[in-house]
$ cat work.txt   # compact mmCIF, C-alpha atoms and all ligand atoms
# COMPACT_ATOMS: atom_id res chain seq x y z
CA PHE Y 1 153.97 -89.31 164.96
CA HIS Y 2 150.35 -89.54 165.99
CA LEU Y 3 148.11 -88.34 163.18
CA LEU Y 4 144.98 -87.77 165.26
CA GLN Y 5 146.93 -85.81 167.86
CA ALA Y 6 148.53 -83.76 165.11
CA LEU Y 7 145.14 -83.06 163.53
CA GLN Y 8 143.74 -81.93 166.86
CA ASP Y 9 146.76 -79.67 167.20
CA ALA Y 10 146.37 -78.28 163.69
CA LEU Y 11 142.76 -77.38 164.44
CA THR Y 12 143.73 -75.66 167.69
CA LYS Y 13 146.36 -73.64 165.82
CA GLN Y 14 144.01 -73.14 162.87
CA SER Y 15 146.77 -74.24 160.51
CA ILE Y 16 144.57 -76.11 158.05
CA PHE Y 17 143.93 -73.78 155.18
CA ALA Y 18 141.69 -73.48 152.17
CA VAL Y 19 142.77 -73.44 148.53
CA LEU Y 20 140.40 -72.58 145.72
CA GLN Y 21 140.17 -74.20 142.29
CA PRO Y 22 138.52 -72.15 139.53
CA GLN Y 23 135.56 -73.46 137.55
CA VAL Y 24 135.36 -72.10 134.03
CA ASP Y 25 132.59 -71.84 131.45
CA LEU Y 26 134.18 -72.67 128.10
CA GLU Y 27 131.50 -70.79 126.13
CA THR Y 28 131.53 -67.50 128.02
CA LYS Y 29 135.17 -67.87 129.21
CA GLN Y 30 133.94 -66.72 132.62
CA VAL Y 31 135.06 -68.09 135.97
CA THR Y 32 131.72 -69.04 137.48
CA GLY Y 33 132.92 -70.53 140.75
CA VAL Y 34 135.74 -71.96 142.80
CA GLU Y 35 135.83 -75.24 144.69
CA VAL Y 36 137.31 -74.99 148.16
CA LEU Y 37 139.76 -77.75 149.11
CA ALA Y 38 141.37 -78.16 152.51
CA ARG Y 39 145.15 -78.33 152.80
CA TRP Y 40 147.29 -79.33 155.76
CA ARG Y 41 150.99 -78.65 155.88
CA LEU Y 42 153.09 -79.76 158.82
CA GLU Y 43 155.77 -77.55 160.33
CA ASP Y 44 158.49 -79.53 158.53
CA GLY Y 45 156.84 -78.68 155.20
CA THR Y 46 155.30 -82.08 154.43
CA HIS Y 47 151.71 -82.10 153.24
CA ILE Y 48 149.15 -84.55 154.52
CA ARG Y 49 146.69 -85.47 151.80
CA PRO Y 50 143.03 -84.59 152.34
CA ASP Y 51 141.96 -88.18 151.60
CA GLN Y 52 143.95 -89.10 154.73
CA PHE Y 53 142.98 -86.35 157.11
CA ILE Y 54 139.37 -85.90 155.98
CA SER Y 55 138.56 -89.56 156.65
CA LEU Y 56 140.36 -89.34 160.00
CA ALA Y 57 138.44 -86.17 160.79
CA GLU Y 58 135.21 -87.97 159.90
CA THR Y 59 135.84 -91.00 162.11
CA SER Y 60 137.06 -88.88 165.03
CA GLY Y 61 134.34 -86.23 164.93
CA LEU Y 62 136.92 -83.52 164.19
CA ILE Y 63 135.22 -82.92 160.84
CA LEU Y 64 132.84 -80.54 162.62
CA PRO Y 65 135.46 -78.03 163.82
CA LEU Y 66 137.46 -78.63 160.62
CA GLY Y 67 134.41 -78.01 158.45
CA GLN Y 68 133.64 -74.87 160.42
CA GLN Y 69 137.18 -73.51 160.00
CA ILE Y 70 137.16 -74.25 156.27
CA PHE Y 71 133.71 -72.73 155.84
CA THR Y 72 134.74 -69.54 157.65
CA GLN Y 73 137.85 -69.27 155.46
CA SER Y 74 135.72 -69.93 152.37
CA CYS Y 75 133.40 -67.07 153.27
CA ALA Y 76 136.35 -64.79 153.95
CA ALA Y 77 137.83 -65.68 150.55
CA CYS Y 78 134.47 -65.07 148.91
CA ARG Y 79 134.31 -61.70 150.60
CA ARG Y 80 137.74 -60.79 149.24
CA LEU Y 81 136.65 -61.78 145.74
CA GLN Y 82 133.55 -59.67 146.16
CA GLU Y 83 135.60 -56.67 147.31
CA ALA Y 84 137.87 -57.09 144.28
CA GLY Y 85 134.81 -56.86 142.02
CA TYR Y 86 134.14 -60.57 141.40
CA ARG Y 87 130.57 -60.66 142.59
CA ASP Y 88 129.35 -63.63 140.59
CA ILE Y 89 131.96 -66.19 141.58
CA ARG Y 90 130.37 -68.84 143.77
CA ILE Y 91 132.34 -70.74 146.41
CA GLY Y 92 131.78 -74.50 146.42
CA VAL Y 93 132.34 -76.15 149.78
CA ASN Y 94 132.58 -79.92 150.34
CA TYR Y 95 130.31 -81.24 153.09
CA SER Y 96 130.60 -84.57 154.86
CA VAL Y 97 127.63 -86.67 155.81
CA ILE Y 98 128.41 -85.98 159.49
CA GLN Y 99 127.95 -82.27 158.91
CA PHE Y 100 124.60 -82.97 157.25
CA GLU Y 101 123.55 -84.95 160.32
CA GLN Y 102 123.80 -81.85 162.52
CA ASP Y 103 120.39 -80.34 163.21
CA ASP Y 104 121.84 -76.84 163.16
CA MET Y 105 123.80 -77.29 159.90
CA VAL Y 106 121.75 -74.84 157.85
CA ASP Y 107 121.49 -72.27 160.65
CA THR Y 108 125.24 -72.47 161.23
CA LEU Y 109 125.85 -71.93 157.52
CA ILE Y 110 123.56 -68.89 157.47
CA ARG Y 111 125.14 -67.38 160.58
CA SER Y 112 128.73 -67.96 159.42
CA ALA Y 113 128.04 -66.43 156.01
CA GLU Y 114 126.27 -63.43 157.53
CA ALA Y 115 129.12 -62.84 159.97
CA VAL Y 116 131.47 -62.33 157.02
CA GLY Y 117 128.96 -60.42 154.91
CA ILE Y 118 128.28 -62.86 152.12
CA ARG Y 119 124.95 -63.98 150.74
CA PRO Y 120 123.75 -67.62 150.57
CA GLN Y 121 123.47 -67.14 146.78
CA GLN Y 122 127.27 -67.03 146.69
CA ILE Y 123 127.59 -70.48 148.27
CA GLU Y 124 127.50 -73.92 146.71
CA VAL Y 125 127.39 -77.05 148.85
CA GLU Y 126 128.96 -80.22 147.42
CA ILE Y 127 127.78 -83.58 148.69
CA THR Y 128 128.49 -87.06 147.43
CA GLU Y 129 126.04 -89.70 146.28
CA SER Y 130 126.87 -91.72 149.39
CA THR Y 131 125.78 -88.82 151.60
CA VAL Y 132 122.46 -88.74 149.77
CA MET Y 133 121.95 -92.47 150.09
CA HIS Y 134 123.08 -92.60 153.72
CA ASN Y 135 119.97 -90.88 154.95
CA PHE Y 136 117.76 -89.71 152.12
CA ALA Y 137 115.03 -88.09 154.22
CA LEU Y 138 117.47 -86.14 156.32
CA VAL Y 139 119.46 -84.94 153.32
CA GLN Y 140 116.31 -84.08 151.40
CA GLU Y 141 115.06 -81.89 154.23
CA LYS Y 142 118.40 -80.05 154.50
CA LEU Y 143 118.67 -79.56 150.74
CA GLU Y 144 115.20 -78.07 150.60
CA ARG Y 145 116.13 -75.55 153.26
CA LEU Y 146 119.37 -74.73 151.47
CA ARG Y 147 117.46 -74.15 148.23
CA GLU Y 148 114.96 -71.88 150.03
CA ILE Y 149 117.75 -69.61 151.19
CA GLY Y 150 119.45 -69.59 147.77
CA VAL Y 151 122.38 -71.95 148.27
CA THR Y 152 123.32 -74.03 145.20
CA VAL Y 153 123.70 -77.78 145.70
CA ALA Y 154 126.01 -80.03 143.66
CA ILE Y 155 126.42 -83.79 143.74
CA ASP Y 156 130.12 -84.52 143.65
CA ASP Y 157 131.90 -87.53 142.12
CA PHE Y 158 128.71 -88.26 140.21
CA GLY Y 159 128.60 -91.66 138.58
CA THR Y 160 130.89 -93.37 141.06
CA GLY Y 161 128.23 -94.24 143.61
CA PHE Y 162 125.33 -96.61 143.49
CA SER Y 163 122.54 -94.15 144.00
CA SER Y 164 119.13 -94.60 142.55
CA LEU Y 165 118.29 -92.27 139.69
CA ALA Y 166 114.80 -91.95 141.14
CA TYR Y 167 116.09 -89.65 143.87
CA LEU Y 168 117.28 -87.02 141.39
CA SER Y 169 113.75 -85.93 140.63
CA ARG Y 170 112.94 -85.63 144.34
CA LEU Y 171 116.02 -83.78 145.57
CA ALA Y 172 116.64 -80.05 145.56
CA VAL Y 173 119.86 -80.42 143.56
CA ASP Y 174 121.17 -77.90 141.03
CA ARG Y 175 124.11 -79.60 139.45
CA LEU Y 176 126.07 -82.79 138.97
CA LYS Y 177 129.84 -83.02 138.87
CA ILE Y 178 131.08 -85.66 136.43
CA ASP Y 179 133.77 -87.53 138.31
CA LYS Y 180 137.38 -87.18 137.22
CA SER Y 181 137.72 -90.94 136.69
CA PHE Y 182 135.35 -90.65 133.69
CA VAL Y 183 136.73 -87.33 132.44
CA ASP Y 184 140.23 -88.90 132.39
CA LYS Y 185 139.11 -91.44 129.80
CA VAL Y 186 136.39 -89.74 127.75
CA THR Y 187 138.60 -89.61 124.64
CA THR Y 188 140.09 -93.08 125.02
CA ASP Y 189 137.50 -95.35 126.56
CA LYS Y 190 134.02 -96.03 125.19
CA GLY Y 191 132.60 -96.93 128.58
CA ALA Y 192 133.78 -93.71 130.22
CA ALA Y 193 132.49 -91.68 127.26
CA ALA Y 194 129.11 -93.42 127.49
CA ILE Y 195 128.85 -92.64 131.21
CA ALA Y 196 129.82 -88.99 130.71
CA LYS Y 197 127.23 -88.67 127.90
CA THR Y 198 124.60 -90.27 130.10
CA VAL Y 199 125.29 -87.80 132.92
CA ILE Y 200 125.05 -84.88 130.48
CA GLN Y 201 121.72 -86.24 129.21
CA LEU Y 202 120.48 -86.68 132.76
CA GLY Y 203 121.27 -83.03 133.28
CA GLU Y 204 119.15 -82.12 130.26
CA SER Y 205 116.26 -84.34 131.37
CA PHE Y 206 116.23 -83.16 134.96
CA ASN Y 207 117.23 -79.57 134.23
CA LEU Y 208 120.49 -79.81 136.14
CA ASP Y 209 123.75 -78.07 135.32
CA ILE Y 210 126.70 -80.33 134.64
CA ILE Y 211 130.33 -79.65 135.43
CA ALA Y 212 133.25 -81.90 134.57
CA GLU Y 213 136.07 -82.15 137.08
CA GLY Y 214 139.70 -83.10 136.67
CA VAL Y 215 139.99 -81.84 133.08
CA GLU Y 216 143.67 -82.09 132.17
CA THR Y 217 143.88 -82.06 128.38
CA LYS Y 218 142.57 -79.93 125.51
CA GLU Y 219 141.16 -83.10 123.95
CA GLN Y 220 139.03 -83.77 127.02
CA ALA Y 221 137.82 -80.16 127.06
CA GLN Y 222 136.90 -80.32 123.36
CA TRP Y 223 135.06 -83.62 123.85
CA LEU Y 224 133.07 -82.13 126.73
CA LEU Y 225 132.19 -79.02 124.73
CA ASP Y 226 131.17 -81.12 121.71
CA ASN Y 227 128.97 -83.24 123.96
CA GLY Y 228 127.16 -80.39 125.69
CA CYS Y 229 129.17 -79.83 128.86
CA SER Y 230 130.75 -76.39 128.86
CA SER Y 231 131.44 -76.07 132.57
CA VAL Y 232 134.85 -77.42 133.58
CA GLN Y 233 137.33 -77.61 136.42
CA GLY Y 234 140.83 -79.06 136.27
CA TYR Y 235 144.58 -78.59 136.02
CA LEU Y 236 144.22 -77.59 132.35
CA TYR Y 237 142.81 -74.29 133.65
CA ALA Y 238 144.16 -73.94 137.15
CA ARG Y 239 145.30 -75.81 140.20
CA PRO Y 240 143.73 -75.10 143.55
CA MET Y 241 145.37 -71.95 144.96
CA THR Y 242 145.17 -69.67 147.94
CA VAL Y 243 143.03 -66.56 147.58
CA ASP Y 244 146.23 -64.49 147.49
CA VAL Y 245 147.29 -66.37 144.37
CA LEU Y 246 143.77 -66.53 142.93
CA LEU Y 247 143.24 -62.76 142.88
CA PRO Y 248 146.15 -62.00 140.49
CA TRP Y 249 145.24 -65.12 138.47
CA LEU Y 250 141.75 -63.69 137.96
CA ALA Y 251 143.09 -60.20 137.26
CA GLN Y 252 145.32 -61.35 134.40
CA ARG Y 253 142.33 -63.05 132.73
CA ARG Y 254 140.30 -59.86 132.67
O1 LIG J 301 142.63 -81.82 146.51
P1 LIG J 301 142.03 -83.06 146.77
O2 LIG J 301 143.20 -83.97 147.10
O3 LIG J 301 141.91 -81.84 147.51
O4 LIG J 301 140.86 -83.54 147.80
C1 LIG J 301 140.72 -84.90 148.06
C2 LIG J 301 139.38 -85.21 148.65
O5 LIG J 301 139.21 -84.54 149.90
C3 LIG J 301 138.22 -84.76 147.77
O6 LIG J 301 137.36 -85.84 147.64
C4 LIG J 301 137.55 -83.68 148.53
O7 LIG J 301 136.16 -83.78 148.38
C5 LIG J 301 137.97 -83.93 149.96
N1 LIG J 301 138.03 -82.64 150.61
C6 LIG J 301 138.92 -81.65 150.39
N2 LIG J 301 138.64 -80.58 151.17
C7 LIG J 301 137.55 -80.92 151.90
C8 LIG J 301 136.76 -80.25 152.90
O8 LIG J 301 136.99 -79.10 153.25
N3 LIG J 301 135.72 -80.95 153.43
C9 LIG J 301 135.42 -82.21 153.07
N4 LIG J 301 134.39 -82.81 153.65
N5 LIG J 301 136.11 -82.86 152.13
C10 LIG J 301 137.16 -82.23 151.55
O1 LIG J 302 135.84 -83.15 146.16
P1 LIG J 302 136.53 -83.86 145.09
O2 LIG J 302 136.76 -85.31 145.18
O3 LIG J 302 135.83 -83.62 143.82
O4 LIG J 302 137.92 -83.10 144.97
C1 LIG J 302 138.49 -82.85 143.76
C2 LIG J 302 139.85 -83.48 143.77
O5 LIG J 302 140.41 -83.48 142.46
C3 LIG J 302 140.84 -82.74 144.63
O6 LIG J 302 141.68 -83.69 145.15
C4 LIG J 302 141.55 -81.86 143.60
O7 LIG J 302 142.81 -81.41 144.07
C5 LIG J 302 141.66 -82.82 142.46
N1 LIG J 302 141.80 -82.24 141.11
C6 LIG J 302 141.14 -81.20 140.58
N2 LIG J 302 141.49 -81.01 139.29
C7 LIG J 302 142.37 -81.99 139.00
C8 LIG J 302 143.08 -82.36 137.81
O8 LIG J 302 142.96 -81.76 136.75
N3 LIG J 302 143.90 -83.44 137.91
C9 LIG J 302 144.07 -84.13 139.07
N4 LIG J 302 144.93 -85.16 139.04
N5 LIG J 302 143.40 -83.84 140.19
C10 LIG J 302 142.56 -82.78 140.16
O1 LIG J 303 150.64 -78.33 148.10
P1 LIG J 303 149.60 -77.84 147.17
O2 LIG J 303 150.06 -77.86 145.73
O3 LIG J 303 148.26 -78.49 147.32
O4 LIG J 303 149.42 -76.27 147.56
C1 LIG J 303 148.32 -75.61 147.06
C2 LIG J 303 148.49 -74.14 147.30
O5 LIG J 303 148.67 -73.83 148.69
C3 LIG J 303 149.66 -73.52 146.59
O6 LIG J 303 149.16 -72.39 145.93
C4 LIG J 303 150.64 -73.13 147.69
O7 LIG J 303 151.29 -71.93 147.36
C5 LIG J 303 149.72 -72.91 148.87
N1 LIG J 303 150.34 -73.17 150.16
C6 LIG J 303 151.15 -74.21 150.45
N2 LIG J 303 151.46 -74.17 151.75
C7 LIG J 303 150.82 -73.10 152.30
C8 LIG J 303 150.72 -72.57 153.64
O8 LIG J 303 151.30 -73.08 154.59
N3 LIG J 303 149.94 -71.49 153.83
C9 LIG J 303 149.27 -70.91 152.82
N4 LIG J 303 148.50 -69.85 153.09
N5 LIG J 303 149.33 -71.37 151.55
C10 LIG J 303 150.11 -72.46 151.30
MN MN J 304 134.34 -81.79 145.51
NA NA J 305 134.94 -85.19 142.85
$ encode --input "work.txt" --output "structure tokens"
Amino acid sequence: FHLLQALQDALTKQSIFAVLQPQVDLETKQVTGVEVLARWRLEDGTHIRPDQFISLAETSGLILPLGQQIFTQSCAACRRLQEAGYRDIRIGVNYSVIQFEQDDMVDTLIRSAEAVGIRPQQIEVEITESTVMHNFALVQEKLERLREIGVTVAIDDFGTGFSSLAYLSRLAVDRLKIDKSFVDKVTTDKGAAAIAKTVIQLGESFNLDIIAEGVETKEQAQWLLDNGCSSVQGYLYARPMTVDVLLPWLAQRR
């Protein structure tokens, strides 16, 4: 079995698919967004984990066609949500540094969204701290363009990288995602709780929204709410699901 060959094949057949994980506001009880996550299932039914195939896609250059396929599916899913009456649910798409390095990244995003009939205001782009630090000037320029057209920008896995806090005030960023590794331990570990509190305070100081990811227990959710973070994502609320599964999930919450 040759993983790179199989990935190439999967892209040709367009068999990598998008699942969507709801993001919930604990105060309003509204679903405010969904994060898009790529899934790859082989013909024999086995799943290849994204950590495996995303890094392979990045080193091989296949992340560009993969990212394009996932983005197109994300827009199509967003369109279906819109048609079902969910007009305010944003779709959050993960972007690799390699995608950010493409000169036409923003134009491609605009064109792909337009082709499916969705507005940039319905899109959130997730980047990691390492993407920001990899090439600050380049990322800064792209983020400013994204903000101009109305795309929301989130920094993913926040707190796990070694980025300088100074950049936060200079970047067109809208929200920070508290990494799951801290959320896991907020009720049991003083260090994790201190980091989560610090991120929430950073949000207040820099006027950024904060979302916690990987929330699995009611205790974690209560801690987050008590400490000023009402936006959450995690298995406690929902697993990532296809849009076909998401639509009835949303309907039964109404
Ligand atoms: O569900 P989870 O195992 O989906 O995802 C694991 C990792 O893979 C996460 O860090 C996530 O950011 C990354 N990932 C999932 N889907 C995508 C995608 O479409 N593009 C990129 N660049 N990363 C993704
Ligand atoms: O892009 P990012 O690294 O943030 O991707 C989020 C990852 O976290 C994905 O792999 C997703 O499937 C996973 N995830 C989301 N919610 C939960 C959760 O509550 N528990 C666990 N174990 N994983 C989660
Ligand atoms: O394997 P995992 O738990 O990450 O699957 C996430 C979601 O993807 C589940 O809702 C599952 O029903 C769905 N799913 C699994 N395989 C396929 C597939 O081949 N095609 C589609 N469209 N959805 C799938
Ligand atoms: Mn993410
Ligand atoms: Na993350």
$ closest_atom_pairs --input "work.txt" --of "segment 79-132 of chain Y" --to "segment 249-253 of chain Y" --cutoff "10 Å" --atoms "all atoms listed in the file" --output "JSON lines"
{"residue": "Y:Leu81", "atom": "CA", "partner": "Y:Leu250", "partner_atom": "CA", "distance": 9.5}
{"residue": "Y:Ala84", "atom": "CA", "partner": "Y:Ala251", "partner_atom": "CA", "distance": 9.3}
{"residue": "Y:Tyr86", "atom": "CA", "partner": "Y:Leu250", "partner_atom": "CA", "distance": 8.9}
$ closest_atom_pairs --input "work.txt" --of "segment 4-24 of chain Y" --to "segment 187-211 of chain Y" --cutoff "12 Å" --atoms "all atoms listed in the file" --output "Markdown table"
| residue | atom | partner | partner_atom | distance |
| --- | --- | --- | --- | --- |
| Y:Pro22 | CA | Y:Ile211 | CA | 11.8 |
| Y:Gln23 | CA | Y:Ile211 | CA | 8.4 |
| Y:Val24 | CA | Y:Ile211 | CA | 9.2 |
$ residues_near_ligand --input "work.txt" --ligand "ligand LIG 301 (chain J)" --cutoff "6 Å" --atoms "all atoms listed in the file" --output "list in words"
Leu37, Ala38, Pro50, Asp51, Ile54, Gly67, Ile70, Asn94, Tyr95 and Ser96 of chain Y
$ residues_around --input "work.txt" --residues "Asp244 of chain Y" --least-positions-apart "5" --cutoff "10 Å" --atoms "all atoms listed in the file" --output "list in words"
Val19, Ala77, Arg80 and Trp249 of chain Y
$ residues_around --input "work.txt" --residues "Phe162 of chain Y" --least-positions-apart "4" --cutoff "12 Å" --atoms "only C-alpha atoms" --output "list in words"
Thr128, Glu129, Ser130, Thr131, Val132, Met133, His134, Asp157, Phe158, Ala166 and Tyr167 of chain Y
$ atom_distance --input "work.txt" --atom1 "atom CA of Pro120 of chain Y" --atom2 "atom CA of Leu138 of chain Y"
20.4 Å
$ closest_residue --input "work.txt" --among "Y:Ala6, Y:Leu62, Y:Glu27, Y:Arg39" --to "ligand LIG 303 (chain J)" --atoms "all atoms listed in the file"
Y:Arg39
$ closest_atom_pairs --input "work.txt" --of "chain Y" --to "ligand NA 305 (chain J)" --cutoff "8 Å" --atoms "only C-alpha atoms and all ligand atoms" --output "Markdown table"
| residue | atom | partner | partner_atom | distance |
| --- | --- | --- | --- | --- |
| Y:Asp156 | CA | J:NA305 | NA | 4.9 |
| Y:Asp157 | CA | J:NA305 | NA | 3.9 |
| Y:Phe158 | CA | J:NA305 | NA | 7.4 |
| Y:Lys177 | CA | J:NA305 | NA | 6.8 |
| Y:Ile178 | CA | J:NA305 | NA | 7.5 |
| Y:Asp179 | CA | J:NA305 | NA | 5.2 |
| Y:Lys180 | CA | J:NA305 | NA | 6.5 |
| Y:Glu213 | CA | J:NA305 | NA | 6.6 |
$ closest_residue --input "work.txt" --among "Y:Gln121, Y:Thr217, Y:Thr152, Y:Gln82" --to "Val186 of chain Y" --atoms "all atoms listed in the file"
Y:Thr217
$ closest_residue --input "work.txt" --among "Y:Glu83, Y:Gly45, Y:Leu146, Y:Gln140" --to "Asp107 of chain Y" --atoms "only C-alpha atoms"
Y:Leu146
$ residues_near_point --input "work.txt" --point "(135.3, -68.9, 134.6)" --cutoff "10 Å" --atoms "only C-alpha atoms" --output "PyMOL selection string"
chain Y and resi 22-34+88-89+231-233+237+250+253
$ residues_near_point --input "work.txt" --point "(141.9, -72.7, 157.4)" --cutoff "8 Å" --atoms "all atoms listed in the file" --output "PyMOL selection string"
chain Y and resi 14-18+38-39+69-70+72-73
$ atom_distance --input "work.txt" --atom1 "atom CA of Met241 of chain Y" --atom2 "atom C10 of ligand LIG 302 (chain J)"
12.2 Å
$ axis_aligned_box --input "work.txt" --around "segment 160-168 of chain Y" --padding-each-side "5 Å" --output "JSON"
{"center_x": 122.8, "center_y": -91.8, "center_z": 141.8, "size_x": 26.1, "size_y": 19.6, "size_z": 14.3}
$ residues_around --input "work.txt" --residues "Ala221 of chain Y" --least-positions-apart "5" --cutoff "9 Å" --atoms "all atoms listed in the file" --output "ChimeraX atom specification"
/Y:26,212,215-216,226,229-230,232,236
$ closest_residue --input "work.txt" --among "Y:Leu7, Y:Ile110, Y:Val97, Y:Leu20" --to "ligand LIG 302 (chain J)" --atoms "only C-alpha atoms and all ligand atoms"
Y:Leu20
$ atom_distance --input "work.txt" --atom1 "atom O5 of ligand LIG 303 (chain J)" --atom2 "atom CA of Arg175 of chain Y"
26.9 Å
$ residues_around --input "work.txt" --residues "Arg147 of chain Y" --least-positions-apart "5" --cutoff "9 Å" --atoms "only C-alpha atoms" --output "list in words"
Lys142, Thr152, Val153, Ala172, Val173 and Asp174 of chain Y
$ closest_residue --input "work.txt" --among "Y:Val183, Y:Ile123, Y:Leu56, Y:Cys78" --to "Ile149 of chain Y" --atoms "all atoms listed in the file"
Y:Ile123
$ build_atoms --input "work.txt" --residues "segment 199-217 of chain Y" --atoms "N, CA and C atoms" --output "PDB file, in the coordinates of the input"
ATOM      1  N   VAL Y 199     125.435 -88.818 131.877  1.00  0.00           N
ATOM      2  CA  VAL Y 199     125.290 -87.800 132.920  1.00  0.00           C
ATOM      3  C   VAL Y 199     124.844 -86.473 132.301  1.00  0.00           C
ATOM      4  N   ILE Y 200     125.424 -86.136 131.149  1.00  0.00           N
ATOM      5  CA  ILE Y 200     125.050 -84.880 130.480  1.00  0.00           C
ATOM      6  C   ILE Y 200     123.564 -84.926 130.065  1.00  0.00           C
ATOM      7  N   GLN Y 201     123.133 -86.094 129.577  1.00  0.00           N
ATOM      8  CA  GLN Y 201     121.720 -86.240 129.210  1.00  0.00           C
ATOM      9  C   GLN Y 201     120.794 -86.184 130.419  1.00  0.00           C
ATOM     10  N   LEU Y 202     121.262 -86.769 131.509  1.00  0.00           N
ATOM     11  CA  LEU Y 202     120.480 -86.680 132.760  1.00  0.00           C
ATOM     12  C   LEU Y 202     120.283 -85.227 133.140  1.00  0.00           C
ATOM     13  N   GLY Y 203     121.336 -84.460 132.980  1.00  0.00           N
ATOM     14  CA  GLY Y 203     121.270 -83.030 133.280  1.00  0.00           C
ATOM     15  C   GLY Y 203     120.202 -82.358 132.437  1.00  0.00           C
ATOM     16  N   GLU Y 204     120.163 -82.717 131.141  1.00  0.00           N
ATOM     17  CA  GLU Y 204     119.150 -82.120 130.260  1.00  0.00           C
ATOM     18  C   GLU Y 204     117.748 -82.546 130.699  1.00  0.00           C
ATOM     19  N   SER Y 205     117.583 -83.826 131.005  1.00  0.00           N
ATOM     20  CA  SER Y 205     116.260 -84.340 131.370  1.00  0.00           C
ATOM     21  C   SER Y 205     115.747 -83.753 132.685  1.00  0.00           C
ATOM     22  N   PHE Y 206     116.645 -83.610 133.637  1.00  0.00           N
ATOM     23  CA  PHE Y 206     116.230 -83.160 134.960  1.00  0.00           C
ATOM     24  C   PHE Y 206     116.499 -81.672 135.195  1.00  0.00           C
ATOM     25  N   ASN Y 207     116.942 -80.996 134.132  1.00  0.00           N
ATOM     26  CA  ASN Y 207     117.230 -79.570 134.230  1.00  0.00           C
ATOM     27  C   ASN Y 207     118.282 -79.253 135.298  1.00  0.00           C
ATOM     28  N   LEU Y 208     119.375 -80.002 135.213  1.00  0.00           N
ATOM     29  CA  LEU Y 208     120.490 -79.810 136.140  1.00  0.00           C
ATOM     30  C   LEU Y 208     121.703 -79.340 135.353  1.00  0.00           C
ATOM     31  N   ASP Y 209     122.490 -78.456 135.942  1.00  0.00           N
ATOM     32  CA  ASP Y 209     123.750 -78.070 135.320  1.00  0.00           C
ATOM     33  C   ASP Y 209     124.757 -79.195 135.508  1.00  0.00           C
ATOM     34  N   ILE Y 210     125.674 -79.293 134.552  1.00  0.00           N
ATOM     35  CA  ILE Y 210     126.700 -80.330 134.640  1.00  0.00           C
ATOM     36  C   ILE Y 210     128.064 -79.652 134.613  1.00  0.00           C
ATOM     37  N   ILE Y 211     128.940 -80.113 135.481  1.00  0.00           N
ATOM     38  CA  ILE Y 211     130.330 -79.650 135.430  1.00  0.00           C
ATOM     39  C   ILE Y 211     131.235 -80.866 135.422  1.00  0.00           C
ATOM     40  N   ALA Y 212     132.294 -80.792 134.619  1.00  0.00           N
ATOM     41  CA  ALA Y 212     133.250 -81.900 134.570  1.00  0.00           C
ATOM     42  C   ALA Y 212     134.459 -81.525 135.416  1.00  0.00           C
ATOM     43  N   GLU Y 213     134.915 -82.456 136.231  1.00  0.00           N
ATOM     44  CA  GLU Y 213     136.070 -82.150 137.080  1.00  0.00           C
ATOM     45  C   GLU Y 213     137.291 -82.955 136.674  1.00  0.00           C
ATOM     46  N   GLY Y 214     138.450 -82.403 136.982  1.00  0.00           N
ATOM     47  CA  GLY Y 214     139.700 -83.100 136.670  1.00  0.00           C
ATOM     48  C   GLY Y 214     140.068 -83.048 135.202  1.00  0.00           C
ATOM     49  N   VAL Y 215     139.646 -81.986 134.505  1.00  0.00           N
ATOM     50  CA  VAL Y 215     139.990 -81.840 133.080  1.00  0.00           C
ATOM     51  C   VAL Y 215     141.470 -81.470 132.974  1.00  0.00           C
ATOM     52  N   GLU Y 216     142.219 -82.304 132.251  1.00  0.00           N
ATOM     53  CA  GLU Y 216     143.670 -82.090 132.170  1.00  0.00           C
ATOM     54  C   GLU Y 216     144.174 -81.833 130.765  1.00  0.00           C
ATOM     55  N   THR Y 217     143.380 -82.231 129.748  1.00  0.00           N
ATOM     56  CA  THR Y 217     143.880 -82.060 128.380  1.00  0.00           C
ATOM     57  C   THR Y 217     142.882 -81.278 127.519  1.00  0.00           C
TER      58      THR Y 217
END
